[in-house]
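Novice: Sharing a structure below in structure tokens format, with a few things to ask.
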Amino acid sequence: MTDSIEDSSAPLMEHLAELRNRLIWSVTAFMVAMVLSFIVAEPILDFLLSPIEQAMRGLGDPNPVMQYTAPQEYFFTLVHISVVAGLMISFPVIAYQLWRFVAPGLYRSEKQAFLPFLLASPILFMTGAAFAHFVVTPIAMTFFLGFADSYSVLAALVPGLGDATTTLPATEIAPAVSESGIDIVFQGKVNETLGISLKLIVAFGFCFQLPVLLTLMGKAGLATSAGLAGMRKYAIVLILVVAALVTPPDVMSQLILFAAVYPLYEVSIFLIRRIEKRREAELRAEGLWDDEVAPDFQAEAFVWHTEPDRLEPVATVSRVDIGLLVGVDRSRDTLLANTRHFAKGLPANNALLWGARGMGKSSLVKAVHAQVRAEGLDLKIVELARDDLPSVSRLLAQLRAAPHQFILFCDDLSFSHDDQHYKSLKAVLDGGIEGRPANVLLYATSNRRHLMPRDMIENERSTAITPGEAVEEKVSLSDRFGLWLGFHPCSQDEYLAMIRGYCAAHGVVVSDDRLQAEAVEWQATRGARSGRVAWQFFLDLAAREGVPLRG
């Protein structure tokens, strides 16, 4: 044990030593670049302030002036500039040291995939920074100064107004003495003006990294061209929100950032599409590519599977004839009417069938589906396992485009205290942006009315700070079902009626006295009466009588 620890510590110490060396080189490069930048910090400051200088001269100020109000302010402004410039100048060295540290742990294919992005990132950042400095900052400065000074606005809007006033004698252009009111003039501070310029440069530089980020996600399989194309409307809103947060509060600079970044989003989609095509070609060459086939909705029933996502047709549905379901008349009629409305394209409610186990909840759903199809209505049923609920959005995407009506059937639906699957279902039922497709209706069965154990509800209520809200999130899921159909334990007469119905349907002939005696004895050994117990007794009876089941 000790030897193995000592053996494993050697590579760790080597990695730490290598990391130390790379950090030393990076910090040294940064310090040298910062010192060199400090030497020329004043010309850099003049360069960064040139947009506001041009804006002030363009608005009629012949002698633009910046000020500082603290003795140390100008010095620290130059230090600020040298830090930013030093980081930009030393970035190639820092990136190279990072690459030298990471590269030994990468495969050749990973190096080839990652290196282009490492090279493209600084290029895109500098492109965004240049766009911000030469295009956006002058527009923003002109807007702010023109908004604050009405004379500047007039000078900007009326060509030649500023030039005309400079030709007048000094006595004519001297400001008149005001006997009332306050004159508002611009006296810019160096650090605040520089802060606006640097904020725009950094914001545009990072926003121009969008193709790098999305393309990397595409290579890693975290994003697809189809997915990004389908999210365009959300991308537009998100880019506008980011533009409002990272740019000065004027509409013009926000729209310019949007106009610059959104094309990069489209470029990202194009690059990911090329990556996907290249990956598909490689997999085809290796014989590993499976062509996706559109779902074939010829069957009447399907089971949803994941990994990979697919709808598996069901050749023969295991179901009971609706006429053999005893003791559930009201639930049967309600669910049948709701399903008929849905199959005809009329409004219908999602349904939750809850209650005693073995009382025909699942059988009723399948029997209603068969009855509606027997009436000539186009209706498919898709079974979704509880564990596959996180994939329900992908399933709905396939069903949404199909020219059929679908019952989405989730059997034995319930959730434990730490189960998060219910969140996938809540948005689909009622609260999502897209919501439930018009051609999909959800039928679920559960032994629990609120889809969670009563002891868990009571425990969360007793320990919560706000008891009334403790279980609201999970309990609200059952509220999203428009129909609640309760199933309760059957009486002995109903239990015997079920068995008699099965015997008549499958041709099993026994005396009623014998049937009743054996059926009562059977249910006594099970400790309960239900439709499931009745069916189990009938299977045993049919086998003993040597009668095969029909259909």
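Lettering and numbering for the structure tokens are positional, with chains as A, B, ... in the shown order, residues counted from 1 in each chain, and ligands counted from 1 in the shown order.
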Could you please write out, as a ChimeraX atom specification, every residue of region 484-523 of chain A that DSSP assigns to strand (DSSP E)?
Specialist: /A:484-487
Novice: Can you list, as a VMD selection string, every protein, DNA or RNA residue that comes within 7 Å of Leu210 (chain A) when you count only C-alpha atoms, leaving out same-chain residues fewer than 3 positions away?
Specialist: chain A and resid 207 213 to 214 264 to 265
Novice: Give me the residues within 8 Å of Ile269 (chain A) as a VMD selection string, counting only C-alpha atoms and dropping any in the same chain fewer than 3 places off.
Specialist: chain A and resid 224 to 225 228 to 229 265 to 266 272 to 273
Novice: Between CA of Gly218 (chain A) and CA of Ser391 (chain A), what is the distance in Å, rounded to a tenth?
Specialist: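 We find that CA of Gly218 (chain A) and CA of Ser391 (chain A) lie 20.1 Å from each other.
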Novice: Have a look at CA of Leu384 (chain A) and CA of Asp411 (chain A) and let me know their distance in Å, one decimal.
Specialist: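 The value is 7.7 Å.
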Novice: Just want the 9 Å neighbourhood of Arg357 (chain A), counted on only C-alpha atoms, with same-chain residues fewer than 3 positions away dropped. Output as a list in words.
Specialist: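 Here the qualifying residues turn out to be Trp354, Gly360, Lys361, Ser446, Asn447, Phe487, His488, Pro489, Ser530, Gly531 and Arg532 of chain A.
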Novice: Which residue, A:Leu49, A:Val65, A:Val520, A:Leu78, has the smallest gap to Leu36 (chain A) when you use only C-alpha atoms?
Specialist: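 Residue with the minimum atom-to-atom distance to Leu36 (chain A): A:Leu78.
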Novice: Show which residues sit within 9 Å of Ala348 (chain A), as a list in words. Count only C-alpha atoms, and ignore same-chain residues fewer than 6 positions away.
Specialist: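 Close residues of Ala348 (chain A): Asn338, Thr339, Arg340, His341, Phe342, Leu441 and Gly482 of chain A.
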